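Asks: Right, I'll just put the structure down here and ask away after.
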Amino acid sequence: MNIPLALVGGVVGLWITGQNLSVPSSVGFIALFGIALENGMILVTYFNQLMREGVTMDEASVKGAMLRVRPVLMTALTTALGLIPLLFAAGTGSEVQRPLATVVIGGLFTSTILTLLVLPALYKWFSIKVTEGEM
């Protein structure tokens with residue numbers, strides 16, 4: 001569920017900057033999907049851990065999102081900060097670097113915000129109920 005949230009930011013980033021979908025931006029989407037998937041897995045894994053510990057689903061969603069804000073933000077911010085020089089690159093190779101950085105930074109922006117807000121709500125709908133025998 002996290003990949004479409006990242007896709008929106010990447011497409012909007014390209015649209016705002018007036019760039020076209022190209023091979024470098026497609027590579028950026030692949031990298032973005034990996035990062036967004038990792039952030040989602042960090043959150044859902046912690047939700048599942050809380051559920052195994054006997055926390056209610058509502059509490060696990062809220063508590064898990066609150067306690068995993070820092071790891072999710074660290075993953076997104078370190079990647080975005082590392083790509084800022086590529087975003088403002090000029091000269092040889094910048095036509096390859098700029099679309100890739102635009103997609104990843106734009107996608108990380110929307111994906112991170114929506115991961116922390118939307119994913120906990122979706123977890124309540126789509127999670128499998130943990131029974132006593134599975135703990």
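Order determines the names: the first chain of the structure tokens is A, the second B, and so forth; residues in each chain are numbered 1 upward, and ligands are numbered 1 upward as they are shown.
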Which residues are near region 27-42 of chain A? Cut-off 10 Å, only C-alpha atoms, ignore same chain within fewer than 5 positions. Put them as an MDAnalysis selection string.
Replies: chainID A and resid 1:7 9:11 22 47 64:65 68:69 71:76 79 97:108 110:112 115:116 119:120
Asks: Residues of the last selection are to be written out with C-alpha atoms, as a compact mmCIF listing (two decimals), in the first residue's frame.
Replies:
# COMPACT_ATOMS: atom_id res chain seq x y z
CA MET A 1 0.00 0.00 0.00
CA ASN A 2 2.97 2.30 0.46
CA ILE A 3 4.17 2.23 -3.15
CA PRO A 4 1.22 4.20 -4.60
CA LEU A 5 1.80 6.86 -1.96
CA ALA A 6 5.39 7.20 -3.14
CA LEU A 7 4.37 7.16 -6.81
CA GLY A 9 5.03 12.30 -4.91
CA GLY A 10 7.41 11.27 -7.68
CA VAL A 11 4.94 12.16 -10.42
CA SER A 22 12.75 9.36 -18.71
CA PHE A 47 2.69 -3.22 14.61
CA GLY A 64 3.53 1.87 16.72
CA ALA A 65 3.25 4.92 14.49
CA ARG A 68 8.51 4.50 14.69
CA VAL A 69 8.44 8.13 13.57
CA PRO A 71 13.36 5.48 12.16
CA VAL A 72 11.06 6.30 9.25
CA LEU A 73 12.12 9.95 9.22
CA MET A 74 15.80 9.03 9.49
CA THR A 75 15.57 6.72 6.48
CA ALA A 76 13.77 9.32 4.39
CA THR A 79 18.27 9.75 1.48
CA GLN A 97 21.02 13.22 -12.05
CA ARG A 98 18.26 15.81 -11.76
CA PRO A 99 15.26 13.65 -12.80
CA LEU A 100 16.39 10.81 -10.54
CA ALA A 101 16.77 13.13 -7.54
CA THR A 102 13.47 14.90 -8.28
CA VAL A 103 11.52 11.65 -8.29
CA VAL A 104 13.12 10.28 -5.14
CA ILE A 105 12.84 13.49 -3.10
CA GLY A 106 9.27 14.20 -4.20
CA GLY A 107 8.21 10.64 -3.56
CA LEU A 108 9.90 10.51 -0.16
CA THR A 110 4.59 12.26 0.23
CA SER A 111 5.45 8.69 1.14
CA THR A 112 6.86 9.57 4.55
CA THR A 115 3.14 6.32 5.69
CA LEU A 116 2.87 7.70 9.19
CA LEU A 119 -0.60 3.06 6.98
CA PRO A 120 -1.72 2.77 10.64
Asks: Which is closer to Glu95 (chain A) than all the others in A:Leu81, A:Lys124, A:Leu114, A:Pro24, using only C-alpha atoms?
Replies: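 Among A:Leu81, A:Lys124, A:Leu114, A:Pro24, it is A:Pro24 that comes nearest to Glu95 (chain A).
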